[in-house]
Amino acid sequence: MQELFKSPAFDNAIAQFERACDKLAVEDWIKERLRLPQRTLIVSCPVRMDNGEIRVFTGYRVQHNLTLGPCKGGVRYHPDLDMGEVAALAMSMSWKCGLAELPFGGAKGGVSVNPMELSLPELERLTRRYTAEILPIIGPNKDIPAPDMGTNPQIMAWMMDTYSMTEGYTTPAVVTGKPVLIGGSLGREEATGFGVAYVVEDALKHIFEKSPEGLRVAIQGFGNVGTHTAIKLSEMGCIIVAVSDVYGGIYNPKGLPVPQLIELVQNRRRIQEFKEAEKITNEELLTLECDILIPAAVGRVITKENAPKLNCRLVVEAANGPTTTEADDILEERGITVIPDILANAGGLIVSYFEWVQGLQEYYWSKEMVFAELKKRMQLMFQKVLKCSKDKAVSLRMAALMLGIKQVAEAKKLRGLYP
Ligand code: GLU
């Protein structure tokens with residue numbers, strides 16, 4: 001079955017899984033089971049375009065495991081998306097849920113599409129058809145989608161509506177990352193980026209014995225995660241020296257004005273339209289001289305080719321899977337600390353969990369309560385990973401993976417086999 005998922009992303013996920021399992025006493029059958037997803041659904045979505053033509057899009061939903069509860073994971077709209085990548089991301093969600101000690105298994109889904117090329121009505125029709133196609137396997141107790149790259153709260157609202165209309169009653173807990181008015185959680189929009197910043201603060205304090213004040217940060221990707229990371233880190237006193245979008249980046253060693261840049265991207269303009277900075281490519285951004293590098297866009301951007309040239313002390317993975325296994329080894333050898341994705345970007349998942357709980361209870365929390373709970377959980381997770389990395393003399397990535405995998409593997413063992 002592994003051949004079905006063959007892709008650079010899946011191979012990377014398997015390589016990381018194998019390495020972590022080597023350090024854990026995971027029984028062979030559990031290891032074999034967890035190497036592959038529990039369920040994989042591929043769907044074909046015909047959509048009427050505005051010009052009357054019908055286009056057929058391929059969609060996916062991969063559920064990696066359902067051991068600890070319903071599956072949880074985002075929906076990605078990206079032209080290069082394939083099943084191998086979705087399966088890799090679903091597996092990584094399992095370890096993220098395990099590490100965060102949430103009652104969920106990992107999942108991921110999405111459609112191979114460039115959402116920027118669709119009009120709003122086309123996007124709505126595609127989302128509704130995709131939701132209808134995956135409907136048999138999603139639900140508040142089965143699998144709860146959320147936003148990911150290329151999707152947003154509006155898309156979650158259409159998913160929630162499609163599900164609710166089919167069921168015959170409003171079901172807010174079927175997706176997270178919805179607009180607040182229809183049952184979304186306050187703070188979910190900011191959660192991933194703020195969580196990244198909380199982890200940066202902890203890493204600086206407990207590993208480097210430094211404060212964020214005056215440290216130079218380069219962020220690749222200025223979507224939901226990149227912007228909120230930039231806002232929080234600037235508030236903490238960091239200087240954002242470089243940011244980028246898909247078209248390229250900008251650099252100013254004296255610092256960039258984050259609110260102005262956010263206004264630019266909110267108006268669907270390109271980051272390079274900002275004039276008081278040097279234009280750079282996305283590749284150049286990665287090797288800039290800075291203190292903290294934050295990849296917050298696509299996967300596998302830090303490779304064996306550019307890892308020897310990175311010019312920072314700390315890499316914080318706001319994106320999912322931005323570092324290849326070979327690059328990881330190079331960074332470790334060079335003494336560059338890497339805060340792994342399943343720890344660094346878990347804030348979105350954690351507030352999704354809060355949103356799901358609020359939806360089920362129909363009782364909503366204040367923003368203060370959401371951020372306080374988020375910060376508390378991120379700090380606990382960071383301490384847990386740091387301790388494991390010291391105790392076992394392994395990297396932070398290995399420690400995070402070991403903790404995440406152990407949680408799932410032990411739960412599997414306790415539940416035993418059916419029938
Ligand atoms: N897509 C986000 C992630 O990769 C959030 C998932 C969720 O909230 O379920 O963690």
# chains A, B, ... in the order shown; residues from 1 in each chain; ligands from 1
>>> residues_near_ligand(ligand="ligand 1", cutoff="6 Å", atoms="only C-alpha atoms and all ligand atoms", output="number ranges by chain")
A: 72-74, 145-148, 346, 348-349, 352
>>> write_last_selection(atoms="N, CA and C atoms", output="short mmCIF file (atom, residue, chain, number, x, y, z; two decimals), in the first residue's frame")
data_model
loop_
_atom_site.label_atom_id
_atom_site.label_comp_id
_atom_site.auth_asym_id
_atom_site.auth_seq_id
_atom_site.Cartn_x
_atom_site.Cartn_y
_atom_site.Cartn_z
N LYS A 72 -8.65 15.06 13.26
CA LYS A 72 -8.59 16.52 13.20
C LYS A 72 -7.51 16.92 12.21
N GLY A 73 -7.81 17.89 11.38
CA GLY A 73 -6.78 18.37 10.46
C GLY A 73 -7.36 19.28 9.40
N GLY A 74 -6.49 20.04 8.79
CA GLY A 74 -6.91 21.09 7.87
C GLY A 74 -7.31 20.60 6.49
N PRO A 145 -12.70 18.92 9.99
CA PRO A 145 -11.78 19.73 9.18
C PRO A 145 -11.57 21.15 9.74
N ALA A 146 -10.55 21.82 9.22
CA ALA A 146 -10.19 23.18 9.67
C ALA A 146 -9.46 23.87 8.51
N PRO A 147 -9.19 25.16 8.63
CA PRO A 147 -8.44 25.82 7.56
C PRO A 147 -6.98 25.38 7.50
N ASP A 148 -6.41 25.47 6.33
CA ASP A 148 -4.99 25.22 6.12
C ASP A 148 -4.61 26.14 4.94
N ALA A 346 1.47 24.32 16.70
CA ALA A 346 0.33 23.61 17.29
C ALA A 346 -0.76 24.55 17.83
N GLY A 348 -2.77 26.61 16.37
CA GLY A 348 -4.01 26.56 15.58
C GLY A 348 -4.83 25.35 15.98
N LEU A 349 -4.17 24.21 16.06
CA LEU A 349 -4.85 22.98 16.44
C LEU A 349 -5.43 23.10 17.86
N SER A 352 -8.38 25.19 17.81
CA SER A 352 -9.44 24.42 17.13
C SER A 352 -10.10 23.48 18.13
#
>>> select_by_dssp(residues="range 306-358 of chain A", states="strand (DSSP E or B)", output="PyMOL selection string")
chain A and resi 311+314-316+323+337-339
>>> closest_residue(among="A:Gly110, A:Leu99, A:His228, A:Ile240", to="Gln383 in chain A", atoms="only C-alpha atoms")
A:Leu99
>>> select_by_dssp(residues="range 30-245 of chain A", states="alpha helix (DSSP H)", output="PyMOL selection string")
chain A and resi 30-34+83-99+120-134+153-167+188-203+224-235
>>> residues_around(residues="Thr176 in chain A", least_positions_apart="3", cutoff="12 Å", atoms="only C-alpha atoms", output="PyMOL selection string")
chain A and resi 72-75+139-140+143-148+151-160+171-173+179-180+182-189+348-360
>>> residues_around(residues="Glu289 in chain A", least_positions_apart="5", cutoff="10 Å", atoms="only C-alpha atoms", output="PyMOL selection string")
chain A and resi 216-218+241+253+309-313
>>> write_last_selection(atoms="all heavy atoms", output="PDB file, in the first residue's frame")
ATOM      1  N   ARG A 216      16.597  39.942  15.295  1.00  0.00           N
ATOM      2  CA  ARG A 216      16.149  40.095  13.903  1.00  0.00           C
ATOM      3  C   ARG A 216      15.498  38.810  13.390  1.00  0.00           C
ATOM      4  O   ARG A 216      16.067  37.729  13.498  1.00  0.00           O
ATOM      5  CB  ARG A 216      17.341  40.458  13.010  1.00  0.00           C
ATOM      6  CG  ARG A 216      17.992  41.798  13.347  1.00  0.00           C
ATOM      7  CD  ARG A 216      19.424  41.815  12.910  1.00  0.00           C
ATOM      8  NE  ARG A 216      20.146  40.670  13.446  1.00  0.00           N
ATOM      9  CZ  ARG A 216      21.274  40.183  12.941  1.00  0.00           C
ATOM     10  NH1 ARG A 216      21.827  40.722  11.893  1.00  0.00           N
ATOM     11  NH2 ARG A 216      21.861  39.148  13.488  1.00  0.00           N
ATOM     12  N   VAL A 217      14.306  38.992  12.808  1.00  0.00           N
ATOM     13  CA  VAL A 217      13.515  37.840  12.381  1.00  0.00           C
ATOM     14  C   VAL A 217      13.215  37.921  10.885  1.00  0.00           C
ATOM     15  O   VAL A 217      12.812  38.975  10.384  1.00  0.00           O
ATOM     16  CB  VAL A 217      12.159  37.812  13.151  1.00  0.00           C
ATOM     17  CG1 VAL A 217      11.326  36.608  12.749  1.00  0.00           C
ATOM     18  CG2 VAL A 217      12.393  37.829  14.651  1.00  0.00           C
ATOM     19  N   ALA A 218      13.393  36.799  10.168  1.00  0.00           N
ATOM     20  CA  ALA A 218      12.984  36.720   8.760  1.00  0.00           C
ATOM     21  C   ALA A 218      11.857  35.697   8.655  1.00  0.00           C
ATOM     22  O   ALA A 218      11.969  34.590   9.181  1.00  0.00           O
ATOM     23  CB  ALA A 218      14.168  36.294   7.899  1.00  0.00           C
ATOM     24  N   VAL A 241      12.898  41.762   9.853  1.00  0.00           N
ATOM     25  CA  VAL A 241      13.772  42.330   8.821  1.00  0.00           C
ATOM     26  C   VAL A 241      13.409  41.865   7.421  1.00  0.00           C
ATOM     27  O   VAL A 241      13.778  42.507   6.432  1.00  0.00           O
ATOM     28  CB  VAL A 241      15.275  42.021   9.085  1.00  0.00           C
ATOM     29  CG1 VAL A 241      15.772  42.751  10.317  1.00  0.00           C
ATOM     30  CG2 VAL A 241      15.540  40.521   9.202  1.00  0.00           C
ATOM     31  N   PRO A 253      17.295  45.726   6.842  1.00  0.00           N
ATOM     32  CA  PRO A 253      17.942  45.364   8.119  1.00  0.00           C
ATOM     33  C   PRO A 253      17.508  46.241   9.284  1.00  0.00           C
ATOM     34  O   PRO A 253      17.640  45.845  10.456  1.00  0.00           O
ATOM     35  CB  PRO A 253      19.437  45.539   7.825  1.00  0.00           C
ATOM     36  CG  PRO A 253      19.534  46.323   6.565  1.00  0.00           C
ATOM     37  CD  PRO A 253      18.259  46.118   5.808  1.00  0.00           C
ATOM     38  N   LYS A 309      23.989  27.027   4.093  1.00  0.00           N
ATOM     39  CA  LYS A 309      24.113  28.489   3.939  1.00  0.00           C
ATOM     40  C   LYS A 309      23.208  29.287   4.888  1.00  0.00           C
ATOM     41  O   LYS A 309      23.217  30.518   4.848  1.00  0.00           O
ATOM     42  CB  LYS A 309      23.759  28.873   2.492  1.00  0.00           C
ATOM     43  CG  LYS A 309      24.707  28.254   1.468  1.00  0.00           C
ATOM     44  CD  LYS A 309      24.401  28.774   0.078  1.00  0.00           C
ATOM     45  CE  LYS A 309      24.088  27.642  -0.864  1.00  0.00           C
ATOM     46  NZ  LYS A 309      23.241  27.931  -1.960  1.00  0.00           N
ATOM     47  N   LEU A 310      22.409  28.618   5.687  1.00  0.00           N
ATOM     48  CA  LEU A 310      21.527  29.367   6.588  1.00  0.00           C
ATOM     49  C   LEU A 310      22.368  30.205   7.542  1.00  0.00           C
ATOM     50  O   LEU A 310      23.414  29.754   8.018  1.00  0.00           O
ATOM     51  CB  LEU A 310      20.638  28.391   7.383  1.00  0.00           C
ATOM     52  CG  LEU A 310      19.182  28.276   6.928  1.00  0.00           C
ATOM     53  CD1 LEU A 310      19.088  27.919   5.465  1.00  0.00           C
ATOM     54  CD2 LEU A 310      18.414  27.278   7.765  1.00  0.00           C
ATOM     55  N   ASN A 311      21.901  31.417   7.807  1.00  0.00           N
ATOM     56  CA  ASN A 311      22.686  32.391   8.549  1.00  0.00           C
ATOM     57  C   ASN A 311      21.957  32.863   9.809  1.00  0.00           C
ATOM     58  O   ASN A 311      21.870  34.056  10.068  1.00  0.00           O
ATOM     59  CB  ASN A 311      22.896  33.589   7.612  1.00  0.00           C
ATOM     60  CG  ASN A 311      24.314  34.057   7.635  1.00  0.00           C
ATOM     61  OD1 ASN A 311      25.000  33.895   8.649  1.00  0.00           O
ATOM     62  ND2 ASN A 311      24.748  34.657   6.541  1.00  0.00           N
ATOM     63  N   CYS A 312      21.351  31.893  10.523  1.00  0.00           N
ATOM     64  CA  CYS A 312      20.569  32.254  11.715  1.00  0.00           C
ATOM     65  C   CYS A 312      20.964  31.322  12.857  1.00  0.00           C
ATOM     66  O   CYS A 312      21.711  30.375  12.644  1.00  0.00           O
ATOM     67  CB  CYS A 312      19.085  32.085  11.411  1.00  0.00           C
ATOM     68  SG  CYS A 312      18.684  30.403  10.935  1.00  0.00           S
ATOM     69  N   ARG A 313      20.429  31.594  14.052  1.00  0.00           N
ATOM     70  CA  ARG A 313      20.749  30.693  15.167  1.00  0.00           C
ATOM     71  C   ARG A 313      19.581  29.775  15.509  1.00  0.00           C
ATOM     72  O   ARG A 313      19.729  28.747  16.142  1.00  0.00           O
ATOM     73  CB  ARG A 313      21.116  31.536  16.397  1.00  0.00           C
ATOM     74  CG  ARG A 313      22.520  32.094  16.282  1.00  0.00           C
ATOM     75  CD  ARG A 313      22.877  32.883  17.486  1.00  0.00           C
ATOM     76  NE  ARG A 313      22.092  34.120  17.525  1.00  0.00           N
ATOM     77  CZ  ARG A 313      22.016  34.914  18.581  1.00  0.00           C
ATOM     78  NH1 ARG A 313      22.644  34.596  19.689  1.00  0.00           N
ATOM     79  NH2 ARG A 313      21.315  36.025  18.534  1.00  0.00           N
TER      80      ARG A 313
END
>>> residues_around(residues="Leu120 in chain A", least_positions_apart="2", cutoff="12 Å", atoms="only C-alpha atoms", output="PyMOL selection string")
chain A and resi 49-50+115-118+122-127+154-155+158
>>> closest_residue(among="A:Pro259, A:Pro212, A:Gly59, A:Gly52", to="Arg129 in chain A", atoms="only C-alpha atoms")
A:Gly59
>>> residues_around(residues="range 91-94 of chain A", least_positions_apart="4", cutoff="10 Å", atoms="only C-alpha atoms", output="PyMOL selection string")
chain A and resi 10+13-14+16-17+34-37+62-68+71-74+85-87+98-100+102+104-108+320-321+341-342+346+349+401+404-405+407-408
>>> write_last_selection(atoms="C-alpha atoms", output="PDB file, in the first residue's frame")
ATOM      1  CA  PHE A  10       5.514  11.057   2.409  1.00  0.00           C
ATOM      2  CA  ALA A  13       7.354  11.709   6.983  1.00  0.00           C
ATOM      3  CA  ILE A  14       8.244   7.998   6.969  1.00  0.00           C
ATOM      4  CA  GLN A  16      11.150  10.879  10.525  1.00  0.00           C
ATOM      5  CA  PHE A  17       8.724   8.269  11.868  1.00  0.00           C
ATOM      6  CA  LEU A  34       0.974   3.700  11.947  1.00  0.00           C
ATOM      7  CA  ARG A  35       3.237   3.895   8.880  1.00  0.00           C
ATOM      8  CA  LEU A  36       0.122   4.178   6.707  1.00  0.00           C
ATOM      9  CA  PRO A  37      -3.214   5.967   7.025  1.00  0.00           C
ATOM     10  CA  VAL A  62      -6.880  11.110   4.643  1.00  0.00           C
ATOM     11  CA  GLN A  63      -7.520   9.893   8.207  1.00  0.00           C
ATOM     12  CA  HIS A  64      -4.299   8.665   9.724  1.00  0.00           C
ATOM     13  CA  ASN A  65      -5.694   7.220  12.953  1.00  0.00           C
ATOM     14  CA  LEU A  66      -8.841   7.384  15.086  1.00  0.00           C
ATOM     15  CA  THR A  67      -7.422   5.900  18.264  1.00  0.00           C
ATOM     16  CA  LEU A  68      -7.779   8.809  20.677  1.00  0.00           C
ATOM     17  CA  CYS A  71      -9.727  12.924  13.411  1.00  0.00           C
ATOM     18  CA  LYS A  72      -8.594  16.516  13.203  1.00  0.00           C
ATOM     19  CA  GLY A  73      -6.778  18.374  10.461  1.00  0.00           C
ATOM     20  CA  GLY A  74      -6.909  21.091   7.871  1.00  0.00           C
ATOM     21  CA  GLU A  85       1.468  15.015   0.547  1.00  0.00           C
ATOM     22  CA  VAL A  86      -1.985  14.806   2.151  1.00  0.00           C
ATOM     23  CA  ALA A  87      -1.047  11.459   3.751  1.00  0.00           C
ATOM     24  CA  GLY A  98      -0.448  13.253  20.494  1.00  0.00           C
ATOM     25  CA  LEU A  99       2.160  15.778  21.572  1.00  0.00           C
ATOM     26  CA  ALA A 100      -0.536  18.289  22.562  1.00  0.00           C
ATOM     27  CA  LEU A 102      -5.653  16.244  22.633  1.00  0.00           C
ATOM     28  CA  PHE A 104      -7.979  13.531  18.419  1.00  0.00           C
ATOM     29  CA  GLY A 105      -6.326  11.485  15.692  1.00  0.00           C
ATOM     30  CA  GLY A 106      -4.651  13.132  12.708  1.00  0.00           C
ATOM     31  CA  ALA A 107      -6.235  13.861   9.329  1.00  0.00           C
ATOM     32  CA  LYS A 108      -5.715  16.140   6.369  1.00  0.00           C
ATOM     33  CA  ASN A 320       4.244  22.064   8.162  1.00  0.00           C
ATOM     34  CA  GLY A 321       7.288  20.053   7.046  1.00  0.00           C
ATOM     35  CA  ASP A 341       6.484  22.110  13.267  1.00  0.00           C
ATOM     36  CA  ILE A 342       4.406  19.839  15.500  1.00  0.00           C
ATOM     37  CA  ALA A 346       0.327  23.614  17.294  1.00  0.00           C
ATOM     38  CA  LEU A 349      -4.851  22.975  16.444  1.00  0.00           C
ATOM     39  CA  LEU A 401       8.111  13.166  17.507  1.00  0.00           C
ATOM     40  CA  GLY A 404       3.703  12.424  19.903  1.00  0.00           C
ATOM     41  CA  ILE A 405       4.189   8.898  18.557  1.00  0.00           C
ATOM     42  CA  GLN A 407       1.054   8.846  22.993  1.00  0.00           C
ATOM     43  CA  VAL A 408      -0.662   7.266  19.976  1.00  0.00           C
TER      44      VAL A 408
END
>>> atom_distance(atom1="CA of Ala372 in chain A", atom2="CA of Ala197 in chain A")
13.8 Å
>>> residues_around(residues="range 284-286 of chain A", least_positions_apart="3", cutoff="12 Å", atoms="only C-alpha atoms", output="PyMOL selection string")
chain A and resi 217-221+241-245+248-252+278-281+289-297+301-303+305-312+314-315+322-323
>>> closest_residue(among="A:Thr162, A:Gln361, A:Asn114, A:Asn12", to="Leu135 in chain A", atoms="only C-alpha atoms")
A:Thr162
>>> atom_distance(atom1="CA of Glu201 in chain A", atom2="CA of Leu215 in chain A")
11.1 Å
>>> atom_distance(atom1="CA of Pro79 in chain A", atom2="CA of Val56 in chain A")
13.3 Å
>>> closest_residue(among="A:Lys96, A:Arg334, A:Arg300, A:Lys275", to="Pro257 in chain A", atoms="only C-alpha atoms")
A:Lys275
>>> closest_residue(among="A:Asp28, A:Gly214, A:Phe222, A:Arg19", to="Glu263 in chain A", atoms="only C-alpha atoms")
A:Phe222
>>> closest_residue(among="A:Lys392, A:Lys232, A:Arg128, A:Arg76", to="Val111 in chain A", atoms="only C-alpha atoms")
A:Arg76
>>> decode(residues="range 197-214 of chain A", atoms="N, CA, C and O atoms", output="mmCIF file, in the first residue's frame")
data_model
loop_
_atom_site.group_PDB
_atom_site.id
_atom_site.type_symbol
_atom_site.label_atom_id
_atom_site.label_comp_id
_atom_site.auth_asym_id
_atom_site.auth_seq_id
_atom_site.Cartn_x
_atom_site.Cartn_y
_atom_site.Cartn_z
ATOM 1 N N ALA A 197 4.878 32.585 18.202
ATOM 2 C CA ALA A 197 5.593 33.620 18.961
ATOM 3 C C ALA A 197 5.812 33.200 20.420
ATOM 4 O O ALA A 197 6.883 33.443 20.991
ATOM 5 N N TYR A 198 4.814 32.545 21.026
ATOM 6 C CA TYR A 198 4.987 32.088 22.418
ATOM 7 C C TYR A 198 6.148 31.092 22.505
ATOM 8 O O TYR A 198 6.928 31.096 23.458
ATOM 9 N N VAL A 199 6.252 30.219 21.472
ATOM 10 C CA VAL A 199 7.335 29.225 21.461
ATOM 11 C C VAL A 199 8.687 29.910 21.269
ATOM 12 O O VAL A 199 9.677 29.528 21.897
ATOM 13 N N VAL A 200 8.725 30.929 20.421
ATOM 14 C CA VAL A 200 9.976 31.681 20.227
ATOM 15 C C VAL A 200 10.418 32.270 21.572
ATOM 16 O O VAL A 200 11.582 32.139 21.977
ATOM 17 N N GLU A 201 9.471 32.877 22.275
ATOM 18 C CA GLU A 201 9.769 33.498 23.573
ATOM 19 C C GLU A 201 10.346 32.460 24.543
ATOM 20 O O GLU A 201 11.364 32.699 25.207
ATOM 21 N N ASP A 202 9.719 31.279 24.585
ATOM 22 C CA ASP A 202 10.183 30.209 25.478
ATOM 23 C C ASP A 202 11.557 29.708 25.079
ATOM 24 O O ASP A 202 12.408 29.455 25.941
ATOM 25 N N ALA A 203 11.763 29.521 23.762
ATOM 26 C CA ALA A 203 13.058 29.001 23.285
ATOM 27 C C ALA A 203 14.165 29.992 23.634
ATOM 28 O O ALA A 203 15.243 29.601 24.083
ATOM 29 N N LEU A 204 13.883 31.279 23.449
ATOM 30 C CA LEU A 204 14.902 32.292 23.748
ATOM 31 C C LEU A 204 15.242 32.265 25.235
ATOM 32 O O LEU A 204 16.408 32.293 25.623
ATOM 33 N N LYS A 205 14.189 32.170 26.049
ATOM 34 C CA LYS A 205 14.394 32.224 27.491
ATOM 35 C C LYS A 205 15.120 30.965 28.006
ATOM 36 O O LYS A 205 16.092 31.062 28.754
ATOM 37 N N HIS A 206 14.654 29.799 27.591
ATOM 38 C CA HIS A 206 15.150 28.561 28.198
ATOM 39 C C HIS A 206 16.339 27.934 27.472
ATOM 40 O O HIS A 206 17.016 27.100 28.044
ATOM 41 N N ILE A 207 16.566 28.295 26.206
ATOM 42 C CA ILE A 207 17.726 27.707 25.507
ATOM 43 C C ILE A 207 18.839 28.747 25.357
ATOM 44 O O ILE A 207 20.000 28.467 25.580
ATOM 45 N N PHE A 208 18.445 29.979 24.982
ATOM 46 C CA PHE A 208 19.472 30.992 24.698
ATOM 47 C C PHE A 208 19.663 31.999 25.832
ATOM 48 O O PHE A 208 20.546 32.848 25.771
ATOM 49 N N GLU A 209 18.785 31.918 26.840
ATOM 50 C CA GLU A 209 18.796 32.871 27.962
ATOM 51 C C GLU A 209 18.825 34.307 27.468
ATOM 52 O O GLU A 209 19.668 35.123 27.840
ATOM 53 N N LYS A 210 17.898 34.591 26.572
ATOM 54 C CA LYS A 210 17.809 35.921 25.962
ATOM 55 C C LYS A 210 16.367 36.397 25.992
ATOM 56 O O LYS A 210 15.437 35.580 26.114
ATOM 57 N N SER A 211 16.180 37.717 25.793
ATOM 58 C CA SER A 211 14.813 38.217 25.616
ATOM 59 C C SER A 211 14.636 38.530 24.124
ATOM 60 O O SER A 211 15.624 38.719 23.410
ATOM 61 N N PRO A 212 13.389 38.593 23.629
ATOM 62 C CA PRO A 212 13.173 38.822 22.193
ATOM 63 C C PRO A 212 13.609 40.217 21.730
ATOM 64 O O PRO A 212 13.825 40.429 20.537
ATOM 65 N N GLU A 213 13.735 41.147 22.677
ATOM 66 C CA GLU A 213 14.074 42.546 22.388
ATOM 67 C C GLU A 213 15.235 42.694 21.387
ATOM 68 O O GLU A 213 16.341 42.210 21.641
ATOM 69 N N GLY A 214 14.969 43.322 20.244
ATOM 70 C CA GLY A 214 16.026 43.656 19.285
ATOM 71 C C GLY A 214 16.483 42.514 18.386
ATOM 72 O O GLY A 214 17.336 42.721 17.521
#
